[in-house]
Structures are given as structure tokens and as C-alpha cells.
Amino acid sequence: MGSGSGGKCKKGSDVTLALSQRCMESEELGGPIGARGGLFDAKWRIDQQLLENYKKILKTNQVGRLISLEGTEEDAQHAVFFDDDKKLLWLDNKDRPCFRVLAEGLKFSWGSSSDYWEYPKKDFGTKGESITVAKLRRICWFEVWGIMDNLQMLRTDTKYEVSLELKMKQEAYGWQVPVQCYFVTPFSDLKIDNKNFDTEIPKDNEWKRMILGNFTVPSHPTIDEDDMIIFLLRQNEGRWKSGLVVRNLIIRAVDN
């Protein structure tokens with residue numbers, strides 16, 4: 001596996017701006033993730049309030065707001081939907097906030113075309129609940145990208161691991177050439193890896209967590225409203241590819 005890194009990610013750096021622009025760009029490649037300005041300001045104001053409301057929602061067991069985490073490797077019973085039901089929030093057994101950005105909150109090259117992607121409902125956990133996943137039909141120019149911008153909800157003095165949960169169908173093909181992975185946060189260096197999907201993701205139709213990177217939130221972080229976690233996966237050598245299923249991006253606290 002090849003890897004490399006650049007300098008510390010600063011707001012306004014060339015790397016951050018380039019990845020941010022890629023995540024916001026053309027409708028042709030799946031549409032913008034969101035707009036800056038009012039949308040980000042509104043999210044910023046509700047971050048802390050949402051975190052405070054989490055335990056209240058658990059105690060009242062509000063129908064439609066919770067989903068079971070049983071059978072998902074997490075050490076919590078339930079998670080709360082937020083951000084138009086595109087994200088999940090839970091507290092682990094050390095009371096540390098953790099997150100999932102569901103497939104509906106990610107972006108995919110040609111993602112709006114049913115010729116290339118479909119979005120079926122699949123079981124989540126062991127309680128008979130389901131979420132939408134992204135299933136690749138076939139594609140040449142492969143990209144998956146996304147952001148997490150609710151950074152005020154992260155726990156300070158805490159290490160977080162970021163991974164993409166995916167699987168390969170037994171009939172998958174075309175993944176011999178490595179996929180480039182770009183990962184950057186306001187708290188860590190730019191990380192560039194080559195991910196060998198053909199060998200790292202068994203064709204066993206089982207969910208696997210592919211680690212994209214990690215970061216540690218400092219004791220007194222300086223977080224601006226346009227800071228975000230950004231990742232981009234890309235493979236465009238021209239070979240037809242198929243058989244990949246993407247479930248969500250996971251941002252979870254881990255022990256040092």
C-alpha cells in the first residue's frame with residue numbers, strides 16, 4: 001500500500017480548498033453536497049443543542065428518531081437520526097460522541113443515474129430495521145466523496161478513527177487497479193493512500209470497515225464554521241467496475 005502526506009491542513013489551504021470544491025461541484029457527477037452560508041450557520045447553532053438533547057431522546061424513546069445499534073459492532077444500544085436523517089449520532093460506553101454519515105449523505109460519481117447506481121434498503125443491525133445503501137451497478141470513472149461538518153460535537157482530547165463501511169459482492173469485477181484515497185481534517189495532515197479493493201475487500205458479501213485515517217481533537221480546538229472532515233476515493237483508469245456496496249462513513253472515538 002502506497003501512502004504520503006502533505007502539511008497540516010489549515011483553513012484556506014490549497015488542499016482543503018481543492019477537496020472542498022470537489023465535494024461541492026457539478027450536478028453531472030452527482031450534485032452538490034450542500035451550500036455554504038446559511039445552511040452551515042444553522043447547523044453550527046444546533047450542534048451543541050442536538051448533543052444535549054441526545055440523552056433526552058433516548059429516555060423518551062421517540063418513535064422515528066432512534067435506530068438500534070445491536071449487531072453493528074458498536075457499544076451502544078441506539079443511535080439518533082439527524083441532519084434530514086442522513087446521519088446518526090450515538091454515545092459510546094465512555095460517553096464519547098460518535099457518528100455515521102449514511103449513504104444518502106455521501107456522493108457518488110454519476111450517482112443520480114440508475115444506469116450506474118441503485119439505492120436499495122438493506123438490514124441494519126439485528127432488530128429488523130433498515131437503511132438505504134449505495135449499490136454500484138457498473139462504472140468506469142469511480143468516485144465516492146463526502147464531508148462531516150458537525151465538528152463542534154466531537155469530544156476534545158479524544159482520538160477518532162474514520163472508516164468507510166462497504167462490501168464486495170461475489171460477482172464483483174474490475175478492481176485490480178488501486179483506488180486513490182484522500183483524507184483531510186482540521187486536526188491532521190493530509191493523507192493519501194492507495195487502497196487495493198481487489199485484495200482488501202473479500203468478495204464474501206460481508207460488511208468491512210476500510211480505515212481512511214484518524215485524528216485527535218486537541219484540548220482547546222479552534223474550529224471555524226467551514227471546517228470539515230473530507231474524504232475522496234477515486235479510480236479513473238478506464239476499466240469497468242462493479243459489485244461494490246457502500247453503507248456509511250463512520251467517525252468513532254477510539255482509545256489511544
# chains A, B, ... in the order shown; residues from 1 in each chain; ligands from 1
>>> select_by_dssp(residues="segment 92-233 of chain A", states="helix (DSSP H, G or I)", output="PyMOL selection string")
chain A and resi 103-105+151-153+197-200
>>> write_last_selection(atoms="all heavy atoms", output="PDB file, in the first residue's frame")
ATOM      1  N   ALA A 103     -25.293   6.459   3.500  1.00  0.00           N
ATOM      2  CA  ALA A 103     -25.059   6.544   2.054  1.00  0.00           C
ATOM      3  C   ALA A 103     -25.812   7.706   1.426  1.00  0.00           C
ATOM      4  O   ALA A 103     -25.332   8.330   0.471  1.00  0.00           O
ATOM      5  CB  ALA A 103     -25.465   5.231   1.383  1.00  0.00           C
ATOM      6  N   GLU A 104     -26.985   8.020   1.965  1.00  0.00           N
ATOM      7  CA  GLU A 104     -27.762   9.146   1.433  1.00  0.00           C
ATOM      8  C   GLU A 104     -27.070  10.480   1.682  1.00  0.00           C
ATOM      9  O   GLU A 104     -27.409  11.475   1.031  1.00  0.00           O
ATOM     10  CB  GLU A 104     -29.149   9.153   2.070  1.00  0.00           C
ATOM     11  CG  GLU A 104     -30.007   7.977   1.641  1.00  0.00           C
ATOM     12  CD  GLU A 104     -31.292   7.883   2.451  1.00  0.00           C
ATOM     13  OE1 GLU A 104     -31.200   7.684   3.670  1.00  0.00           O
ATOM     14  OE2 GLU A 104     -32.374   7.997   1.846  1.00  0.00           O
ATOM     15  N   GLY A 105     -26.107  10.532   2.596  1.00  0.00           N
ATOM     16  CA  GLY A 105     -25.367  11.746   2.871  1.00  0.00           C
ATOM     17  C   GLY A 105     -24.027  11.810   2.170  1.00  0.00           C
ATOM     18  O   GLY A 105     -23.294  12.791   2.325  1.00  0.00           O
ATOM     19  N   LEU A 151     -18.409  19.431  13.603  1.00  0.00           N
ATOM     20  CA  LEU A 151     -17.209  19.204  14.400  1.00  0.00           C
ATOM     21  C   LEU A 151     -17.320  19.707  15.827  1.00  0.00           C
ATOM     22  O   LEU A 151     -16.567  19.271  16.700  1.00  0.00           O
ATOM     23  CB  LEU A 151     -15.997  19.843  13.709  1.00  0.00           C
ATOM     24  CG  LEU A 151     -15.734  19.373  12.262  1.00  0.00           C
ATOM     25  CD1 LEU A 151     -14.392  19.885  11.792  1.00  0.00           C
ATOM     26  CD2 LEU A 151     -15.794  17.858  12.159  1.00  0.00           C
ATOM     27  N   GLN A 152     -18.246  20.609  16.107  1.00  0.00           N
ATOM     28  CA  GLN A 152     -18.429  21.080  17.473  1.00  0.00           C
ATOM     29  C   GLN A 152     -18.918  19.967  18.394  1.00  0.00           C
ATOM     30  O   GLN A 152     -18.858  20.089  19.616  1.00  0.00           O
ATOM     31  CB  GLN A 152     -19.440  22.238  17.515  1.00  0.00           C
ATOM     32  CG  GLN A 152     -18.880  23.557  17.002  1.00  0.00           C
ATOM     33  CD  GLN A 152     -18.036  24.271  18.055  1.00  0.00           C
ATOM     34  OE1 GLN A 152     -17.343  23.635  18.830  1.00  0.00           O
ATOM     35  NE2 GLN A 152     -18.093  25.585  18.094  1.00  0.00           N
ATOM     36  N   MET A 153     -19.431  18.889  17.814  1.00  0.00           N
ATOM     37  CA  MET A 153     -19.969  17.797  18.623  1.00  0.00           C
ATOM     38  C   MET A 153     -18.901  16.789  19.024  1.00  0.00           C
ATOM     39  O   MET A 153     -19.162  15.873  19.801  1.00  0.00           O
ATOM     40  CB  MET A 153     -21.087  17.096  17.845  1.00  0.00           C
ATOM     41  CG  MET A 153     -22.235  18.035  17.487  1.00  0.00           C
ATOM     42  SD  MET A 153     -23.431  17.303  16.353  1.00  0.00           S
ATOM     43  CE  MET A 153     -24.301  16.191  17.434  1.00  0.00           C
ATOM     44  N   PHE A 197      -8.734  -2.438  -3.419  1.00  0.00           N
ATOM     45  CA  PHE A 197     -10.053  -3.031  -3.184  1.00  0.00           C
ATOM     46  C   PHE A 197     -10.073  -4.514  -3.540  1.00  0.00           C
ATOM     47  O   PHE A 197     -10.781  -5.294  -2.910  1.00  0.00           O
ATOM     48  CB  PHE A 197     -11.105  -2.299  -4.022  1.00  0.00           C
ATOM     49  CG  PHE A 197     -11.589  -1.011  -3.408  1.00  0.00           C
ATOM     50  CD1 PHE A 197     -10.762  -0.242  -2.608  1.00  0.00           C
ATOM     51  CD2 PHE A 197     -12.880  -0.560  -3.638  1.00  0.00           C
ATOM     52  CE1 PHE A 197     -11.202   0.943  -2.051  1.00  0.00           C
ATOM     53  CE2 PHE A 197     -13.335   0.617  -3.071  1.00  0.00           C
ATOM     54  CZ  PHE A 197     -12.489   1.371  -2.276  1.00  0.00           C
ATOM     55  N   ASP A 198      -9.291  -4.902  -4.553  1.00  0.00           N
ATOM     56  CA  ASP A 198      -9.338  -6.278  -5.035  1.00  0.00           C
ATOM     57  C   ASP A 198      -8.835  -7.271  -3.991  1.00  0.00           C
ATOM     58  O   ASP A 198      -9.276  -8.423  -3.961  1.00  0.00           O
ATOM     59  CB  ASP A 198      -8.499  -6.392  -6.315  1.00  0.00           C
ATOM     60  CG  ASP A 198      -8.907  -7.582  -7.170  1.00  0.00           C
ATOM     61  OD1 ASP A 198     -10.119  -7.846  -7.269  1.00  0.00           O
ATOM     62  OD2 ASP A 198      -8.017  -8.253  -7.729  1.00  0.00           O
ATOM     63  N   THR A 199      -7.918  -6.818  -3.115  1.00  0.00           N
ATOM     64  CA  THR A 199      -7.361  -7.712  -2.095  1.00  0.00           C
ATOM     65  C   THR A 199      -7.813  -7.353  -0.686  1.00  0.00           C
ATOM     66  O   THR A 199      -7.870  -8.219   0.186  1.00  0.00           O
ATOM     67  CB  THR A 199      -5.821  -7.693  -2.149  1.00  0.00           C
ATOM     68  OG1 THR A 199      -5.355  -6.343  -1.976  1.00  0.00           O
ATOM     69  CG2 THR A 199      -5.327  -8.220  -3.489  1.00  0.00           C
ATOM     70  N   GLU A 200      -8.141  -6.082  -0.427  1.00  0.00           N
ATOM     71  CA  GLU A 200      -8.505  -5.646   0.924  1.00  0.00           C
ATOM     72  C   GLU A 200      -9.974  -5.903   1.261  1.00  0.00           C
ATOM     73  O   GLU A 200     -10.348  -5.924   2.436  1.00  0.00           O
ATOM     74  CB  GLU A 200      -8.206  -4.154   1.098  1.00  0.00           C
ATOM     75  CG  GLU A 200      -6.720  -3.826   1.072  1.00  0.00           C
ATOM     76  CD  GLU A 200      -6.451  -2.360   1.329  1.00  0.00           C
ATOM     77  OE1 GLU A 200      -7.054  -1.802   2.261  1.00  0.00           O
ATOM     78  OE2 GLU A 200      -5.642  -1.773   0.586  1.00  0.00           O
TER      79      GLU A 200
END
>>> residues_around(residues="Pro218 of chain A", least_positions_apart="4", cutoff="10 Å", atoms="only C-alpha atoms", output="number ranges by chain")
A: 155-159, 187, 222
>>> write_last_selection(atoms="N, CA and C atoms", output="PDB file, in the first residue's frame")
ATOM      1  N   ARG A 155     -15.610  15.217  20.882  1.00  0.00           N
ATOM      2  CA  ARG A 155     -15.056  15.318  22.232  1.00  0.00           C
ATOM      3  C   ARG A 155     -13.598  15.771  22.142  1.00  0.00           C
ATOM      4  N   THR A 156     -13.227  16.780  22.917  1.00  0.00           N
ATOM      5  CA  THR A 156     -11.836  17.235  22.950  1.00  0.00           C
ATOM      6  C   THR A 156     -10.960  16.200  23.653  1.00  0.00           C
ATOM      7  N   ASP A 157      -9.657  16.281  23.381  1.00  0.00           N
ATOM      8  CA  ASP A 157      -8.690  15.330  23.946  1.00  0.00           C
ATOM      9  C   ASP A 157      -9.060  13.888  23.610  1.00  0.00           C
ATOM     10  N   THR A 158      -9.579  13.691  22.423  1.00  0.00           N
ATOM     11  CA  THR A 158     -10.067  12.365  22.027  1.00  0.00           C
ATOM     12  C   THR A 158      -9.567  12.015  20.633  1.00  0.00           C
ATOM     13  N   LYS A 159      -9.145  10.764  20.477  1.00  0.00           N
ATOM     14  CA  LYS A 159      -8.733  10.266  19.168  1.00  0.00           C
ATOM     15  C   LYS A 159      -9.936   9.653  18.457  1.00  0.00           C
ATOM     16  N   PHE A 187      -7.562  18.839  12.024  1.00  0.00           N
ATOM     17  CA  PHE A 187      -6.681  18.448  13.117  1.00  0.00           C
ATOM     18  C   PHE A 187      -5.557  17.518  12.677  1.00  0.00           C
ATOM     19  N   THR A 222      -9.471  25.179  17.787  1.00  0.00           N
ATOM     20  CA  THR A 222     -10.004  26.341  17.093  1.00  0.00           C
ATOM     21  C   THR A 222     -10.749  25.831  15.874  1.00  0.00           C
TER      22      THR A 222
END
>>> residues_around(residues="segment 129-141 of chain A", least_positions_apart="2", cutoff="10 Å", atoms="only C-alpha atoms", output="ChimeraX atom specification")
/A:29,67-69,85-86,102-104,106-111,114-127,143,166-169,172-174,234-248
>>> write_last_selection(atoms="C-alpha atoms", output="tab-separated table (two decimals), in the first residue's frame")
chain	number	residue	atom	x	y	z
A	29	LEU	CA	-21.24	13.92	-11.14
A	67	ILE	CA	-32.38	3.14	15.35
A	68	SER	CA	-30.95	0.08	17.11
A	69	LEU	CA	-27.17	-0.50	17.01
A	85	ASP	CA	-31.96	11.50	8.61
A	86	LYS	CA	-28.67	11.34	6.68
A	102	LEU	CA	-25.28	7.27	5.78
A	103	ALA	CA	-25.06	6.54	2.05
A	104	GLU	CA	-27.76	9.15	1.43
A	106	LEU	CA	-22.44	10.74	0.61
A	107	LYS	CA	-21.88	11.44	-3.08
A	108	PHE	CA	-21.03	9.11	-5.94
A	109	SER	CA	-19.82	9.73	-9.49
A	110	TRP	CA	-22.91	9.69	-11.74
A	111	GLY	CA	-24.83	8.95	-8.58
A	114	SER	CA	-29.81	4.46	-12.30
A	115	ASP	CA	-27.54	3.15	-15.07
A	116	TYR	CA	-24.66	3.26	-12.62
A	117	TRP	CA	-26.02	3.20	-9.05
A	118	GLU	CA	-29.08	1.96	-7.19
A	119	TYR	CA	-30.14	2.71	-3.62
A	120	PRO	CA	-31.94	-0.26	-2.04
A	121	LYS	CA	-32.95	-0.63	1.59
A	122	LYS	CA	-30.83	-3.16	3.50
A	123	ASP	CA	-30.99	-4.61	7.00
A	124	PHE	CA	-29.14	-2.66	9.68
A	125	GLY	CA	-28.32	-4.48	12.90
A	126	THR	CA	-30.37	-7.35	14.28
A	127	LYS	CA	-33.69	-5.68	15.10
A	143	GLU	CA	-15.56	8.40	-7.21
A	166	LEU	CA	-18.56	-1.39	2.43
A	167	LYS	CA	-18.64	-4.85	0.93
A	168	MET	CA	-17.98	-6.65	-2.35
A	169	LYS	CA	-20.48	-8.94	-4.00
A	172	ALA	CA	-17.61	-8.09	-8.40
A	173	TYR	CA	-15.02	-7.32	-11.08
A	174	GLY	CA	-12.68	-4.60	-12.35
A	234	ARG	CA	-11.08	7.93	-6.94
A	235	GLN	CA	-10.17	5.41	-9.63
A	236	ASN	CA	-10.46	6.53	-13.24
A	237	GLU	CA	-8.11	4.34	-15.27
A	238	GLY	CA	-10.99	3.35	-17.57
A	239	ARG	CA	-11.69	-0.25	-16.54
A	240	TRP	CA	-15.33	-1.17	-15.97
A	241	LYS	CA	-16.01	-1.93	-12.30
A	242	SER	CA	-18.96	-3.49	-10.50
A	243	GLY	CA	-20.07	-5.22	-7.31
A	244	LEU	CA	-19.31	-2.62	-4.61
A	245	VAL	CA	-21.88	-1.70	-1.96
A	246	VAL	CA	-21.36	1.33	0.34
A	247	ARG	CA	-23.27	1.61	3.63
A	248	ASN	CA	-21.85	4.60	5.52
>>> select_by_dssp(residues="segment 52-220 of chain A", states="strand (DSSP E)", output="PyMOL selection string")
chain A and resi 66-68+78-82+87-91+97-102+107-108+117-118+121-124+129-132+134-136+142-148+158-173+179-185+188-195+208-217
>>> residues_around(residues="segment 88-95 of chain A", least_positions_apart="2", cutoff="6 Å", atoms="only C-alpha atoms", output="count of residues only")
9
>>> closest_residue(among="A:Ile57, A:Val162, A:Met148, A:Leu66", to="Ile230 of chain A", atoms="only C-alpha atoms")
A:Met148
>>> decode(residues="segment 171-203 of chain A", atoms="N, CA, C and O atoms", output="short mmCIF file (atom, residue, chain, number, x, y, z; two decimals), in the first residue's frame")
data_model
loop_
_atom_site.label_atom_id
_atom_site.label_comp_id
_atom_site.auth_asym_id
_atom_site.auth_seq_id
_atom_site.Cartn_x
_atom_site.Cartn_y
_atom_site.Cartn_z
N GLU A 171 -19.84 -11.48 -7.31
CA GLU A 171 -19.69 -11.29 -8.76
C GLU A 171 -18.94 -10.02 -9.12
O GLU A 171 -18.90 -9.62 -10.29
N ALA A 172 -18.32 -9.35 -8.14
CA ALA A 172 -17.61 -8.09 -8.40
C ALA A 172 -16.44 -8.30 -9.36
O ALA A 172 -15.82 -9.35 -9.40
N TYR A 173 -16.14 -7.25 -10.14
CA TYR A 173 -15.02 -7.32 -11.08
C TYR A 173 -14.47 -5.91 -11.33
O TYR A 173 -15.11 -4.91 -11.02
N GLY A 174 -13.25 -5.86 -11.87
CA GLY A 174 -12.68 -4.60 -12.35
C GLY A 174 -11.89 -3.79 -11.34
O GLY A 174 -11.54 -2.64 -11.60
N TRP A 175 -11.53 -4.37 -10.18
CA TRP A 175 -10.89 -3.60 -9.11
C TRP A 175 -9.39 -3.89 -8.98
O TRP A 175 -8.81 -3.66 -7.92
N GLN A 176 -8.76 -4.36 -10.06
CA GLN A 176 -7.34 -4.71 -9.98
C GLN A 176 -6.44 -3.49 -9.76
O GLN A 176 -5.40 -3.60 -9.13
N VAL A 177 -6.84 -2.34 -10.30
CA VAL A 177 -6.04 -1.13 -10.15
C VAL A 177 -6.40 -0.44 -8.83
O VAL A 177 -7.59 -0.28 -8.52
N PRO A 178 -5.41 -0.04 -8.01
CA PRO A 178 -5.71 0.59 -6.71
C PRO A 178 -6.56 1.85 -6.84
O PRO A 178 -6.52 2.56 -7.84
N VAL A 179 -7.34 2.11 -5.79
CA VAL A 179 -8.17 3.30 -5.69
C VAL A 179 -7.43 4.33 -4.84
O VAL A 179 -6.94 4.01 -3.76
N GLN A 180 -7.33 5.57 -5.34
CA GLN A 180 -6.68 6.62 -4.57
C GLN A 180 -7.63 7.14 -3.49
O GLN A 180 -8.81 7.37 -3.76
N CYS A 181 -7.11 7.32 -2.31
CA CYS A 181 -7.89 7.82 -1.17
C CYS A 181 -7.25 9.08 -0.63
O CYS A 181 -6.07 9.08 -0.27
N TYR A 182 -8.03 10.17 -0.57
CA TYR A 182 -7.60 11.44 0.02
C TYR A 182 -8.40 11.67 1.29
O TYR A 182 -9.62 11.51 1.29
N PHE A 183 -7.71 12.05 2.36
CA PHE A 183 -8.37 12.24 3.65
C PHE A 183 -7.72 13.41 4.37
O PHE A 183 -6.49 13.46 4.51
N VAL A 184 -8.55 14.36 4.83
CA VAL A 184 -8.00 15.55 5.50
C VAL A 184 -9.01 16.04 6.54
O VAL A 184 -10.23 15.93 6.35
N THR A 185 -8.48 16.56 7.65
CA THR A 185 -9.30 17.16 8.70
C THR A 185 -8.62 18.43 9.19
O THR A 185 -7.44 18.65 8.89
N PRO A 186 -9.31 19.26 9.97
CA PRO A 186 -8.65 20.45 10.53
C PRO A 186 -7.59 20.11 11.58
O PRO A 186 -6.83 20.98 11.98
N PHE A 187 -7.56 18.84 12.02
CA PHE A 187 -6.68 18.45 13.12
C PHE A 187 -5.56 17.52 12.68
O PHE A 187 -4.79 17.04 13.52
N SER A 188 -5.44 17.22 11.41
CA SER A 188 -4.47 16.21 10.97
C SER A 188 -3.90 16.56 9.61
O SER A 188 -4.46 17.38 8.86
N ASP A 189 -2.78 15.92 9.28
CA ASP A 189 -2.16 16.10 7.98
C ASP A 189 -3.01 15.48 6.87
O ASP A 189 -3.80 14.55 7.12
N LEU A 190 -2.83 15.97 5.67
CA LEU A 190 -3.42 15.32 4.50
C LEU A 190 -2.83 13.93 4.38
O LEU A 190 -1.62 13.73 4.48
N LYS A 191 -3.69 12.96 4.16
CA LYS A 191 -3.26 11.58 3.98
C LYS A 191 -3.71 11.10 2.60
O LYS A 191 -4.88 11.26 2.23
N ILE A 192 -2.78 10.52 1.85
CA ILE A 192 -3.08 9.98 0.52
C ILE A 192 -2.64 8.52 0.51
O ILE A 192 -1.47 8.22 0.76
N ASP A 193 -3.58 7.63 0.27
CA ASP A 193 -3.29 6.19 0.23
C ASP A 193 -3.74 5.60 -1.09
O ASP A 193 -4.62 6.13 -1.77
N ASN A 194 -3.16 4.45 -1.42
CA ASN A 194 -3.69 3.60 -2.47
C ASN A 194 -4.39 2.42 -1.80
O ASN A 194 -3.75 1.65 -1.07
N LYS A 195 -5.70 2.32 -2.01
CA LYS A 195 -6.49 1.24 -1.43
C LYS A 195 -6.69 0.15 -2.48
O LYS A 195 -7.23 0.40 -3.56
N ASN A 196 -6.24 -1.07 -2.16
CA ASN A 196 -6.37 -2.19 -3.08
C ASN A 196 -7.67 -2.94 -2.81
O ASN A 196 -7.71 -3.91 -2.06
N PHE A 197 -8.73 -2.44 -3.42
CA PHE A 197 -10.05 -3.03 -3.18
C PHE A 197 -10.07 -4.51 -3.54
O PHE A 197 -10.78 -5.29 -2.91
N ASP A 198 -9.29 -4.90 -4.55
CA ASP A 198 -9.34 -6.28 -5.03
C ASP A 198 -8.84 -7.27 -3.99
O ASP A 198 -9.28 -8.42 -3.96
N THR A 199 -7.92 -6.82 -3.11
CA THR A 199 -7.36 -7.71 -2.10
C THR A 199 -7.81 -7.35 -0.69
O THR A 199 -7.87 -8.22 0.19
N GLU A 200 -8.14 -6.08 -0.43
CA GLU A 200 -8.50 -5.65 0.92
C GLU A 200 -9.97 -5.90 1.26
O GLU A 200 -10.35 -5.92 2.44
N ILE A 201 -10.81 -6.07 0.24
CA ILE A 201 -12.24 -6.30 0.48
C ILE A 201 -12.61 -7.65 -0.11
O ILE A 201 -12.80 -7.78 -1.32
N PRO A 202 -12.72 -8.67 0.71
CA PRO A 202 -13.06 -10.00 0.20
C PRO A 202 -14.42 -10.01 -0.50
O PRO A 202 -15.34 -9.30 -0.11
N LYS A 203 -14.54 -10.84 -1.52
CA LYS A 203 -15.81 -10.97 -2.23
C LYS A 203 -16.71 -11.96 -1.51
O LYS A 203 -17.10 -13.01 -2.05
#
